[in-house]
$ cat run.csv   # CSV, C-alpha atoms and all ligand atoms
chain,number,residue,atom,x,y,z
V,1,MET,CA,-7.6,-19.6,29.4
V,2,SER,CA,-9.8,-17.2,31.4
V,3,PHE,CA,-7.6,-14.2,30.4
V,4,LEU,CA,-8.2,-14.5,26.7
V,5,GLN,CA,-11.8,-15.3,27.2
V,6,ALA,CA,-12.4,-12.2,29.3
V,7,CYS,CA,-10.6,-10.1,26.7
V,8,ARG,CA,-13.1,-11.4,24.1
V,9,CYS,CA,-16.1,-10.9,26.4
V,10,GLU,CA,-16.7,-14.6,26.6
V,11,PRO,CA,-17.8,-16.4,29.8
V,12,VAL,CA,-15.0,-17.2,32.2
V,13,GLU,CA,-14.5,-19.8,35.0
V,14,ARG,CA,-13.2,-17.0,37.2
V,15,THR,CA,-12.1,-13.4,36.7
V,16,PRO,CA,-8.5,-13.3,35.4
V,17,VAL,CA,-6.0,-11.1,37.1
V,18,TRP,CA,-2.5,-9.8,36.3
V,19,PHE,CA,-0.6,-6.6,37.3
V,20,MET,CA,1.1,-4.0,35.2
V,21,ARG,CA,4.8,-4.0,36.4
V,22,GLN,CA,4.2,-7.3,38.1
V,23,ALA,CA,7.9,-7.9,37.5
V,24,GLY,CA,9.9,-5.2,39.2
V,25,ARG,CA,11.5,-3.8,42.3
V,26,SER,CA,8.6,-4.9,44.6
V,27,LEU,CA,9.8,-8.5,44.3
V,28,PRO,CA,12.9,-9.5,46.3
V,29,GLU,CA,13.8,-12.1,43.7
V,30,TYR,CA,13.7,-9.4,41.0
V,31,ARG,CA,16.1,-7.2,43.0
V,32,ALA,CA,18.4,-10.2,43.6
V,33,LEU,CA,18.6,-11.0,39.9
V,34,ARG,CA,18.7,-7.5,38.5
V,35,ARG,CA,21.1,-6.0,41.2
V,36,ASP,CA,22.2,-2.5,39.8
V,37,GLY,CA,22.7,-3.6,36.2
V,38,ASP,CA,21.2,-1.8,33.3
V,39,ILE,CA,17.7,-2.8,32.6
V,40,LEU,CA,18.4,-2.8,28.9
V,41,ASP,CA,21.1,-5.4,29.4
V,42,ALA,CA,18.6,-7.6,31.3
V,43,VAL,CA,16.2,-7.2,28.3
V,44,ARG,CA,19.0,-8.2,25.9
V,45,THR,CA,19.8,-11.4,27.8
V,46,PRO,CA,17.0,-13.9,27.1
V,47,GLU,CA,17.8,-16.3,30.1
V,48,ILE,CA,17.4,-13.3,32.5
V,49,ALA,CA,14.4,-11.8,30.7
V,50,VAL,CA,12.7,-15.2,30.8
V,51,GLU,CA,13.3,-15.6,34.5
V,52,LEU,CA,12.2,-12.0,35.3
V,53,THR,CA,9.0,-12.6,33.3
V,54,LEU,CA,8.3,-15.9,35.1
V,55,GLN,CA,9.0,-14.7,38.7
V,56,PRO,CA,5.6,-13.0,39.3
V,57,VAL,CA,3.7,-15.8,37.4
V,58,ARG,CA,5.3,-18.4,39.7
V,59,ARG,CA,4.8,-16.4,42.9
V,60,TYR,CA,1.3,-15.0,42.5
V,61,GLY,CA,-0.4,-17.5,40.1
V,62,VAL,CA,-1.5,-14.6,37.9
V,63,ASP,CA,-3.5,-15.4,34.7
V,64,ALA,CA,-1.1,-13.7,32.2
V,65,ALA,CA,2.6,-13.0,31.9
V,66,ILE,CA,4.0,-9.8,30.4
V,67,LEU,CA,7.2,-10.0,28.4
V,68,PHE,CA,10.1,-8.4,30.3
V,69,SER,CA,11.1,-5.5,28.1
V,70,ASP,CA,10.5,-1.8,28.0
V,71,ILE,CA,8.6,0.5,25.6
V,72,VAL,CA,11.9,2.1,24.5
V,73,VAL,CA,13.5,-1.1,23.5
V,74,PRO,CA,12.4,-1.0,19.8
V,75,LEU,CA,13.8,2.6,19.7
V,76,VAL,CA,17.1,1.4,21.0
V,77,GLY,CA,16.9,-1.4,18.4
V,78,VAL,CA,16.8,1.2,15.6
V,79,GLY,CA,19.8,3.0,17.0
V,80,VAL,CA,18.3,5.8,19.2
V,81,ASP,CA,20.7,6.3,22.1
V,82,ILE,CA,18.2,6.1,24.9
V,83,LYS,CA,19.2,5.2,28.5
V,84,VAL,CA,16.9,4.0,31.2
V,85,LEU,CA,17.9,5.4,34.5
V,86,PRO,CA,16.8,3.8,37.7
V,87,GLY,CA,14.2,5.7,39.6
V,88,ARG,CA,13.9,8.2,36.6
V,89,GLY,CA,13.0,6.3,33.4
V,90,PRO,CA,14.0,6.8,29.8
V,91,VAL,CA,16.3,9.7,28.9
V,92,LEU,CA,17.8,10.9,25.6
V,93,ASP,CA,20.4,13.6,25.1
V,94,PRO,CA,20.1,15.5,22.8
V,95,PRO,CA,16.4,15.1,22.4
V,96,PHE,CA,14.4,15.4,19.1
V,97,ARG,CA,14.0,19.0,18.0
V,98,ASP,CA,13.5,19.3,14.2
V,99,ALA,CA,13.1,17.4,11.0
V,100,SER,CA,16.8,16.4,10.9
V,101,ASP,CA,16.1,14.2,14.0
V,102,LEU,CA,13.8,12.0,11.9
V,103,ASP,CA,17.1,10.6,10.4
V,104,ARG,CA,17.7,9.1,13.9
V,105,LEU,CA,14.8,6.7,13.3
V,106,ARG,CA,15.0,4.0,10.6
V,107,PRO,CA,12.5,1.3,10.0
V,108,LEU,CA,12.6,-1.6,12.5
V,109,GLU,CA,13.8,-5.0,11.3
V,110,PRO,CA,12.4,-7.1,14.1
V,111,GLU,CA,14.2,-10.3,13.5
V,112,SER,CA,17.6,-8.6,13.9
V,113,ASP,CA,16.8,-5.4,15.8
V,114,LEU,CA,14.7,-7.3,18.4
V,115,ALA,CA,16.4,-10.7,18.2
V,116,PRO,CA,16.9,-11.2,22.0
V,117,VAL,CA,13.3,-10.0,22.8
V,118,LEU,CA,11.9,-12.4,20.3
V,119,GLU,CA,14.1,-15.2,21.6
V,120,THR,CA,12.7,-14.5,25.1
V,121,ALA,CA,9.2,-14.6,23.8
V,122,ARG,CA,9.8,-18.0,22.0
V,123,LEU,CA,11.4,-19.5,25.1
V,124,LEU,CA,8.5,-18.3,27.3
V,125,ALA,CA,5.8,-19.5,24.9
V,126,GLY,CA,7.3,-23.0,25.4
V,127,GLU,CA,7.3,-22.7,29.2
V,128,LEU,CA,4.2,-20.8,30.2
V,129,ASP,CA,0.8,-22.2,30.8
V,130,VAL,CA,-0.8,-18.8,30.8
V,131,PRO,CA,-0.8,-16.4,27.8
V,132,LEU,CA,2.1,-14.1,27.2
V,133,ILE,CA,1.3,-10.4,26.7
V,134,GLY,CA,3.5,-8.6,24.2
V,135,PHE,CA,3.5,-4.8,24.3
V,136,ALA,CA,4.7,-1.6,22.7
V,137,GLY,CA,4.5,2.1,23.4
V,138,ALA,CA,2.0,4.2,21.5
V,139,PRO,CA,3.4,7.0,19.3
V,140,PHE,CA,2.4,9.9,21.5
V,141,THR,CA,3.9,8.4,24.6
V,142,LEU,CA,7.1,7.4,22.8
V,143,ALA,CA,7.3,10.8,21.1
V,144,SER,CA,7.1,12.5,24.4
V,145,TYR,CA,10.3,10.8,25.7
V,146,LEU,CA,12.1,11.6,22.4
V,147,ILE,CA,11.1,15.3,22.5
V,148,GLU,CA,11.3,16.0,26.2
V,149,GLY,CA,14.5,14.0,26.6
V,150,GLY,CA,13.1,12.3,29.6
V,151,PRO,CA,10.0,11.9,31.8
V,152,SER,CA,7.8,15.0,31.9
V,153,ARG,CA,5.0,16.5,33.9
V,154,ASN,CA,3.3,18.8,31.4
V,155,PHE,CA,4.6,17.6,28.1
V,156,ALA,CA,5.2,21.2,27.1
V,157,ARG,CA,7.8,20.7,24.3
V,158,THR,CA,5.8,17.8,22.9
V,159,LYS,CA,2.6,19.8,22.7
V,160,ALA,CA,4.4,22.8,21.4
V,161,LEU,CA,5.9,20.7,18.6
V,162,MET,CA,2.7,19.0,17.6
V,163,HIS,CA,0.8,22.2,17.3
V,164,ALA,CA,3.5,24.3,15.7
V,165,GLU,CA,4.8,21.7,13.3
V,166,PRO,CA,2.0,19.2,12.5
V,167,THR,CA,3.9,17.9,9.4
V,168,LEU,CA,6.9,17.0,11.4
V,169,TRP,CA,4.7,15.5,14.2
V,170,HIS,CA,3.0,13.4,11.5
V,171,ARG,CA,6.2,12.1,10.1
V,172,LEU,CA,7.6,11.3,13.6
V,173,CYS,CA,4.4,9.5,14.7
V,174,SER,CA,4.0,7.6,11.5
V,175,ALA,CA,7.6,6.3,11.9
V,176,LEU,CA,6.8,5.4,15.6
V,177,ALA,CA,3.6,3.7,14.6
V,178,ASP,CA,5.4,1.6,12.0
V,179,ILE,CA,8.0,0.6,14.6
V,180,ALA,CA,5.3,-0.3,17.2
V,181,LEU,CA,3.3,-2.3,14.7
V,182,ALA,CA,6.4,-4.3,13.5
V,183,THR,CA,7.3,-4.9,17.2
V,184,LEU,CA,3.9,-6.3,18.1
V,185,ARG,CA,3.5,-8.4,15.0
V,186,ALA,CA,6.9,-9.9,15.6
V,187,GLU,CA,6.1,-10.6,19.3
V,188,VAL,CA,2.9,-12.3,18.3
V,189,GLY,CA,4.8,-14.3,15.7
V,190,ALA,CA,7.2,-15.4,18.5
V,191,GLY,CA,4.4,-16.6,20.8
V,192,ALA,CA,2.6,-13.7,22.4
V,193,GLY,CA,-1.1,-14.4,22.8
V,194,ALA,CA,-2.3,-10.9,23.4
V,195,VAL,CA,-0.8,-7.4,23.0
V,196,GLN,CA,-1.0,-4.2,25.1
V,197,LEU,CA,-0.5,-0.8,23.5
V,198,PHE,CA,0.8,1.6,26.3
V,199,ASP,CA,-0.2,5.2,25.7
V,200,SER,CA,0.6,5.9,29.3
V,201,TRP,CA,0.7,9.7,29.1
V,202,ALA,CA,-2.2,10.2,26.6
V,203,GLY,CA,-4.3,11.6,29.5
V,204,SER,CA,-2.4,14.8,29.2
V,205,LEU,CA,-4.1,15.5,25.9
V,206,SER,CA,-7.4,17.3,25.2
V,207,ARG,CA,-10.0,15.4,23.1
V,208,PRO,CA,-9.2,17.5,20.0
V,209,GLU,CA,-5.5,17.0,20.5
V,210,TYR,CA,-6.0,13.2,21.0
V,211,LEU,CA,-8.2,13.0,17.9
V,212,ARG,CA,-5.7,14.8,15.8
V,213,TYR,CA,-2.3,14.0,17.1
V,214,ALA,CA,-2.6,10.6,18.8
V,215,LEU,CA,-5.6,8.5,17.7
V,216,PRO,CA,-4.7,8.2,14.0
V,217,TYR,CA,-1.3,6.6,14.8
V,218,SER,CA,-2.6,4.3,17.5
V,219,ARG,CA,-5.3,3.3,15.1
V,220,THR,CA,-2.7,2.4,12.5
V,221,ILE,CA,-1.1,0.0,15.0
V,222,LEU,CA,-4.4,-1.5,16.4
V,223,ASP,CA,-5.9,-1.9,12.9
V,224,GLY,CA,-2.7,-3.4,11.6
V,225,LEU,CA,-3.0,-6.2,14.2
V,226,ARG,CA,-6.6,-7.1,13.3
V,227,ASP,CA,-5.6,-10.0,11.1
V,228,VAL,CA,-3.4,-11.7,13.7
V,229,GLY,CA,-6.4,-12.4,15.8
V,230,VAL,CA,-5.0,-11.8,19.3
V,231,PRO,CA,-6.8,-9.5,21.9
V,232,ARG,CA,-5.6,-5.9,21.7
V,233,ILE,CA,-5.5,-4.0,25.0
V,234,HIS,CA,-5.2,-0.2,24.9
V,235,PHE,CA,-4.1,1.5,28.1
V,236,GLY,CA,-3.4,5.0,29.4
V,237,VAL,CA,-3.5,6.9,32.7
V,238,GLY,CA,-5.9,9.8,33.3
V,239,THR,CA,-7.8,9.0,30.1
V,240,GLY,CA,-11.3,9.3,31.5
V,241,GLU,CA,-12.2,11.9,29.0
V,242,LEU,CA,-10.7,9.9,26.1
V,243,LEU,CA,-12.0,6.4,26.8
V,244,ASP,CA,-14.6,6.4,23.9
V,245,LEU,CA,-11.9,7.5,21.5
V,246,MET,CA,-9.4,4.9,22.8
V,247,ALA,CA,-12.0,2.2,22.1
V,248,GLN,CA,-12.6,3.6,18.6
V,249,ALA,CA,-8.9,3.4,17.9
V,250,GLY,CA,-9.5,-0.4,17.6
V,251,ALA,CA,-9.1,-2.0,21.0
V,252,ASP,CA,-10.7,-5.2,22.2
V,253,VAL,CA,-9.9,-4.3,25.8
V,254,VAL,CA,-9.5,-0.8,27.3
V,255,GLY,CA,-7.4,-0.3,30.4
V,256,ILE,CA,-9.0,1.9,33.0
V,257,ASP,CA,-7.3,3.8,35.9
V,258,TRP,CA,-8.8,4.3,39.3
V,259,ARG,CA,-10.3,7.8,38.5
V,260,VAL,CA,-13.3,6.3,36.6
V,261,SER,CA,-15.7,3.7,37.9
V,262,LEU,CA,-15.9,0.6,35.8
V,263,PRO,CA,-19.6,1.0,35.0
V,264,ASP,CA,-19.0,4.6,33.8
V,265,ALA,CA,-16.0,3.5,31.8
V,266,SER,CA,-18.1,0.7,30.2
V,267,ALA,CA,-20.7,3.2,29.1
V,268,ARG,CA,-17.9,5.4,27.6
V,269,VAL,CA,-16.2,2.6,25.6
V,270,GLY,CA,-19.4,1.1,24.3
V,271,GLU,CA,-20.6,-2.4,23.7
V,272,GLY,CA,-18.6,-5.4,23.1
V,273,ILE,CA,-15.4,-4.1,24.6
V,274,ALA,CA,-13.8,-5.6,27.7
V,275,LEU,CA,-12.3,-3.5,30.5
V,276,GLN,CA,-9.0,-4.0,32.4
V,277,GLY,CA,-8.4,-2.5,35.8
V,278,ASN,CA,-8.8,-0.6,38.0
V,279,LEU,CA,-7.5,-0.9,41.6
V,280,ASP,CA,-5.5,2.2,42.6
V,281,PRO,CA,-1.8,1.0,43.0
V,282,ALA,CA,-1.4,3.5,45.9
V,283,LEU,CA,-4.0,1.7,47.9
V,284,CYS,CA,-1.8,-1.4,47.9
V,285,LEU,CA,0.4,0.4,50.4
V,286,ALA,CA,-2.5,0.6,52.9
V,287,PRO,CA,-3.3,-2.0,55.5
V,288,PRO,CA,-4.6,-5.4,54.2
V,289,GLU,CA,-8.3,-4.6,55.2
V,290,VAL,CA,-8.2,-1.5,53.1
V,291,VAL,CA,-6.9,-3.4,50.1
V,292,GLU,CA,-9.4,-6.1,50.5
V,293,ALA,CA,-12.3,-3.7,50.7
V,294,ALA,CA,-11.0,-1.8,47.6
V,295,THR,CA,-10.6,-5.1,45.7
V,296,ARG,CA,-14.1,-6.2,46.6
V,297,GLU,CA,-15.4,-2.8,45.3
V,298,VAL,CA,-13.7,-3.2,41.9
V,299,LEU,CA,-15.2,-6.7,41.7
V,300,ALA,CA,-18.7,-5.4,42.6
V,301,GLU,CA,-18.4,-2.7,40.0
V,302,ALA,CA,-17.3,-5.3,37.4
V,303,LYS,CA,-20.3,-7.6,37.9
V,304,THR,CA,-22.3,-6.2,35.0
V,305,LEU,CA,-19.4,-5.8,32.5
V,306,PRO,CA,-19.3,-8.0,29.4
V,307,GLY,CA,-15.6,-8.8,30.1
V,308,HIS,CA,-13.3,-7.9,33.0
V,309,VAL,CA,-9.6,-8.5,33.5
V,310,PHE,CA,-8.7,-7.5,37.0
V,311,ASN,CA,-5.6,-5.3,37.2
V,312,LEU,CA,-4.3,-2.1,38.9
V,313,GLY,CA,-5.1,1.2,37.4
V,314,HIS,CA,-1.3,1.7,36.7
V,315,GLY,CA,1.9,-0.2,37.5
V,316,VAL,CA,2.8,-1.8,40.8
V,317,LEU,CA,4.7,0.7,43.0
V,318,PRO,CA,8.2,-0.4,44.0
V,319,ASP,CA,7.3,-0.2,47.8
V,320,THR,CA,4.4,-2.6,47.4
V,321,ASP,CA,4.5,-5.7,49.7
V,322,PRO,CA,4.2,-8.7,47.5
V,323,GLY,CA,2.0,-10.4,50.2
V,324,VAL,CA,-0.6,-7.7,49.5
V,325,LEU,CA,-0.7,-8.5,45.8
V,326,GLN,CA,-0.9,-12.2,46.6
V,327,ALA,CA,-4.0,-11.5,48.8
V,328,VAL,CA,-5.5,-9.6,45.9
V,329,VAL,CA,-5.0,-12.4,43.4
V,330,ASP,CA,-6.4,-15.0,45.8
V,331,LEU,CA,-9.4,-12.8,46.6
V,332,VAL,CA,-10.2,-12.2,43.0
V,333,HIS,CA,-10.0,-15.9,42.2
V,334,GLU,CA,-12.1,-17.0,45.2
V,335,GLU,CA,-14.7,-14.4,44.9
V,336,THR,CA,-15.4,-14.8,41.2
V,337,ALA,CA,-15.2,-18.7,40.9
V,338,ARG,CA,-18.4,-20.0,39.3
N,401,LIG,O1,6.1,-6.5,34.6
N,401,LIG,C1,6.2,-5.6,33.8
N,401,LIG,O2,5.3,-4.9,33.5
N,401,LIG,C2,7.6,-5.6,33.2
N,401,LIG,C3,7.8,-5.1,31.8
N,401,LIG,C4,7.7,-3.6,31.6
N,401,LIG,C5,8.8,-2.7,32.0
N,401,LIG,N1,8.4,-1.4,31.4
N,401,LIG,C6,10.0,-3.0,32.7
N,401,LIG,C7,10.6,-1.9,33.5
N,401,LIG,C8,6.7,-2.8,30.9
N,401,LIG,C9,5.4,-3.3,30.4
N,401,LIG,C10,7.2,-1.5,30.8
N,401,LIG,C11,6.5,-0.5,30.1
N,401,LIG,C12,6.9,0.9,30.3
N,401,LIG,N2,8.1,1.5,30.4
N,401,LIG,C13,5.9,2.0,30.2
N,401,LIG,C14,4.4,1.8,30.1
N,401,LIG,C15,3.8,1.4,31.3
N,401,LIG,C16,3.6,2.4,32.3
N,401,LIG,O3,4.2,2.3,33.5
N,401,LIG,O4,2.9,3.4,32.1
N,401,LIG,C17,6.6,3.2,30.4
N,401,LIG,C18,6.0,4.6,30.4
N,401,LIG,C19,8.0,2.9,30.4
N,401,LIG,C20,9.2,3.8,30.6
N,401,LIG,C21,9.9,3.5,31.8
N,401,LIG,N3,10.8,2.5,32.0
N,401,LIG,C22,9.7,4.1,33.1
N,401,LIG,C23,8.7,5.2,33.4
N,401,LIG,C24,10.5,3.4,34.0
N,401,LIG,C25,10.6,3.6,35.5
N,401,LIG,C26,11.7,4.2,36.1
N,401,LIG,C27,11.9,3.8,37.5
N,401,LIG,O5,13.0,3.3,37.8
N,401,LIG,O6,11.0,3.9,38.4
N,401,LIG,C28,11.2,2.4,33.3
N,401,LIG,C29,12.2,1.4,33.9
N,401,LIG,C30,11.6,0.1,34.0
N,401,LIG,N4,11.0,-0.6,33.0
N,401,LIG,C31,11.6,-0.7,35.2
N,401,LIG,C32,11.0,-1.9,34.9
N,401,LIG,C33,10.7,-3.1,35.8
N,401,LIG,C34,12.1,-0.3,36.6
N,401,LIG,C35,13.6,-0.1,36.6
N,401,LIG,C36,14.5,-1.3,36.8
N,401,LIG,O7,14.1,-2.3,37.4
N,401,LIG,O8,15.7,-1.1,36.5
$ encode --input "run.csv" --output "structure tokens" --more "lines below"
Ligand code: CP3
Amino acid sequence: MSFLQACRCEPVERTPVWFMRQAGRSLPEYRALRRDGDILDAVRTPEIAVELTLQPVRRYGVDAAILFSDIVVPLVGVGVDIKVLPGRGPVLDPPFRDASDLDRLRPLEPESDLAPVLETARLLAGELDVPLIGFAGAPFTLASYLIEGGPSRNFARTKALMHAEPTLWHRLCSALADIALATLRAEVGAGAGAVQLFDSWAGSLSRPEYLRYALPYSRTILDGLRDVGVPRIHFGVGTGELLDLMAQAGADVVGIDWRVSLPDASARVGEGIALQGNLDPALCLAPPEVVEAATREVLAEAKTLPGHVFNLGHGVLPDTDPGVLQAVVDLVHEETAR
């Protein structure tokens, strides 16, 4: 299992590769199965979620599968009325504003609140011959959707709240950390062999903000998984200035976007931590020779790393030609075979 070995900085037969959002609109078979139904309905239907998880594994021969779900699914599970709009993302009306909104979050009971997701994971574990990655959203990123009521560019309301009402922020993020930890522990119990904590928007925070308002809650989650023994991947976008802190939060693997070179990132995260990344997903829309050169560059940069999982620096863009991603998988496998 080269994926798990690379996550643990152990020697591998060849560099493992998978893609964030490998399941999704870039695949014709995904569009055919999903049509214009609600993504949350697809997540709630294990036969469909299993098939959507398997599609990219079958097509590309990637070295890991990622559970077909969404970071907002556990919040929906505890009764928050979030919708996921196509082309836009998660929205909530009315958004969270004050302490009374904490009543909208209750503790997660995974076996009932996430029953279909766990069933999907169990079915997949019996079918896959590569590891299944379970995942959850980190408290800062989830809180931003709850407070902004949707996707955001500057996270103004979220930042205003964390600075103005630190006690409320603390209560909110503690509740979100408990939900994320319960989600991940249950997914591992159902067969996930690794977990990824998505703090996708943490790159909008300064170091002092990250230290005070994000890291403690992500640490609760990552530390709370130590005893289950699976690799813990910690990912965000635009986090070049935070990579050392994200590693300190308790990760075995840190996800890197395209803004930081892998050797620089490795120096920042410190010893004994593997890196995942970091081909720019936008480059996958360029001609094949550009993608090939960029892939070779990532591999060259990764040569001296203790552990490397090849991935994009963020999710696959919907307009990506699957043939381009296939060429990336094949090139990574061929070039790194020992
Ligand atoms: O292969 C996979 O990665 C599939 C599983 C997966 C989805 N969402 C399915 C999905 C994962 C790991 C996620 C995580 C997720 N969801 C994150 C963290 C990863 C990241 O991209 O930073 C975030 C921030 C979300 C919230 C969210 N959900 C967004 C921003 C969107 C995109 C809106 C759009 O339509 O472009 C969604 C919807 C969503 N979740 C889609 C998929 C495949 C696309 C919409 C659809 O097919 O209906």
$ atom_distance --input "run.csv" --atom1 "CA of Val254 in chain V" --atom2 "CA of His234 in chain V"
5.0 Å
$ closest_atom_pairs --input "run.csv" --of "range 107-185 of chain V" --to "range 32-56 of chain V" --cutoff "8 Å" --atoms "only C-alpha atoms" --output "JSON lines"
{"residue": "V:Pro116", "atom": "CA", "partner": "V:Arg44", "partner_atom": "CA", "distance": 5.3}
{"residue": "V:Val117", "atom": "CA", "partner": "V:Arg44", "partner_atom": "CA", "distance": 6.7}
{"residue": "V:Glu119", "atom": "CA", "partner": "V:Pro46", "partner_atom": "CA", "distance": 6.4}
{"residue": "V:Thr120", "atom": "CA", "partner": "V:Pro46", "partner_atom": "CA", "distance": 4.8}
{"residue": "V:Ala121", "atom": "CA", "partner": "V:Val50", "partner_atom": "CA", "distance": 7.8}
{"residue": "V:Leu123", "atom": "CA", "partner": "V:Val50", "partner_atom": "CA", "distance": 7.3}
{"residue": "V:Leu124", "atom": "CA", "partner": "V:Val50", "partner_atom": "CA", "distance": 6.3}
$ closest_residue --input "run.csv" --among "V:Val290, V:Leu215, V:Ala337, V:Ala282" --to "His314 in chain V" --atoms "all atoms listed in the file"
V:Ala282
$ closest_residue --input "run.csv" --among "V:Pro95, V:Gly77, V:Gly238, V:Ala125" --to "Ala190 in chain V" --atoms "only C-alpha atoms"
V:Ala125
$ closest_atom_pairs --input "run.csv" --of "range 14-38 of chain V" --to "range 62-68 of chain V" --cutoff "6 Å" --atoms "all atoms listed in the file" --output "Markdown table"
| residue | atom | partner | partner_atom | distance |
| --- | --- | --- | --- | --- |
| V:Pro16 | CA | V:Asp63 | CA | 5.5 |
| V:Val17 | CA | V:Asp63 | CA | 5.5 |
| V:Trp18 | CA | V:Val62 | CA | 5.2 |
$ write_last_selection --input "run.csv" --atoms "C-alpha atoms" --output "PDB file, in the coordinates of the input"
ATOM      1  CA  PRO V  16      -8.500 -13.300  35.400  1.00  0.00           C
ATOM      2  CA  VAL V  17      -6.000 -11.100  37.100  1.00  0.00           C
ATOM      3  CA  TRP V  18      -2.500  -9.800  36.300  1.00  0.00           C
TER       4      TRP V  18
END
$ residues_near_ligand --input "run.csv" --ligand "ligand LIG 401 (chain N)" --cutoff "8 Å" --atoms "all atoms listed in the file" --output "MDAnalysis selection string"
chainID V and resid 19:25 30:31 34 36:39 53 65:72 84:90 135:137 141 151 198:201 236:237 314:315 318
$ residues_around --input "run.csv" --residues "range 243-245 of chain V" --least-positions-apart "4" --cutoff "6 Å" --atoms "only C-alpha atoms" --output "PDB file with C-alpha atoms, keeping the file's coordinate frame"
ATOM      1  CA  THR V 239      -7.800   9.000  30.100  1.00  0.00           C
ATOM      2  CA  ARG V 268     -17.900   5.400  27.600  1.00  0.00           C
ATOM      3  CA  VAL V 269     -16.200   2.600  25.600  1.00  0.00           C
TER       4      VAL V 269
END
$ atom_distance --input "run.csv" --atom1 "CA of Thr304 in chain V" --atom2 "CA of Pro263 in chain V"
7.7 Å
$ atom_distance --input "run.csv" --atom1 "CA of Arg104 in chain V" --atom2 "CA of Val80 in chain V"
6.3 Å
$ closest_residue --input "run.csv" --among "V:Gly229, V:Pro166, V:Ala214, V:Gly191" --to "Pro131 in chain V" --atoms "only C-alpha atoms"
V:Gly191
$ closest_residue --input "run.csv" --among "V:Arg212, V:Lys83, V:Arg14, V:Arg226" --to "His333 in chain V" --atoms "all atoms listed in the file"
V:Arg14
$ closest_residue --input "run.csv" --among "V:Pro306, V:Pro110, V:Pro11, V:Gly272" --to "Gly189 in chain V" --atoms "all atoms listed in the file"
V:Pro110
$ closest_residue --input "run.csv" --among "V:Leu105, V:Ala99, V:Ala267, V:Tyr217" --to "Leu168 in chain V" --atoms "all atoms listed in the file"
V:Ala99
$ residues_around --input "run.csv" --residues "Val328 in chain V" --least-positions-apart "6" --cutoff "8 Å" --atoms "all atoms listed in the file" --output "list in words"
Val291, Glu292 and Thr295 of chain V
$ residues_around --input "run.csv" --residues "Gly255 in chain V" --least-positions-apart "6" --cutoff "10 Å" --atoms "all atoms listed in the file" --output "list in words"
Gln196, Leu197, Phe198, Ile233, His234, Phe235, Gly236, Val237, Thr239, Leu243, Met246, Ala247, Ala265, Ala274, Leu275, Gln276, Gly277, Asn278, His308, Val309, Phe310, Asn311, Leu312, Gly313 and His314 of chain V
$ residues_around --input "run.csv" --residues "Leu181 in chain V" --least-positions-apart "2" --cutoff "9 Å" --atoms "all atoms listed in the file" --output "PDB file with C-alpha atoms, keeping the file's coordinate frame"
ATOM      1  CA  ALA V 136       4.700  -1.600  22.700  1.00  0.00           C
ATOM      2  CA  LEU V 176       6.800   5.400  15.600  1.00  0.00           C
ATOM      3  CA  ALA V 177       3.600   3.700  14.600  1.00  0.00           C
ATOM      4  CA  ASP V 178       5.400   1.600  12.000  1.00  0.00           C
ATOM      5  CA  ILE V 179       8.000   0.600  14.600  1.00  0.00           C
ATOM      6  CA  THR V 183       7.300  -4.900  17.200  1.00  0.00           C
ATOM      7  CA  LEU V 184       3.900  -6.300  18.100  1.00  0.00           C
ATOM      8  CA  ARG V 185       3.500  -8.400  15.000  1.00  0.00           C
ATOM      9  CA  ALA V 186       6.900  -9.900  15.600  1.00  0.00           C
ATOM     10  CA  THR V 220      -2.700   2.400  12.500  1.00  0.00           C
ATOM     11  CA  ILE V 221      -1.100   0.000  15.000  1.00  0.00           C
ATOM     12  CA  LEU V 222      -4.400  -1.500  16.400  1.00  0.00           C
ATOM     13  CA  GLY V 224      -2.700  -3.400  11.600  1.00  0.00           C
ATOM     14  CA  LEU V 225      -3.000  -6.200  14.200  1.00  0.00           C
TER      15      LEU V 225
END
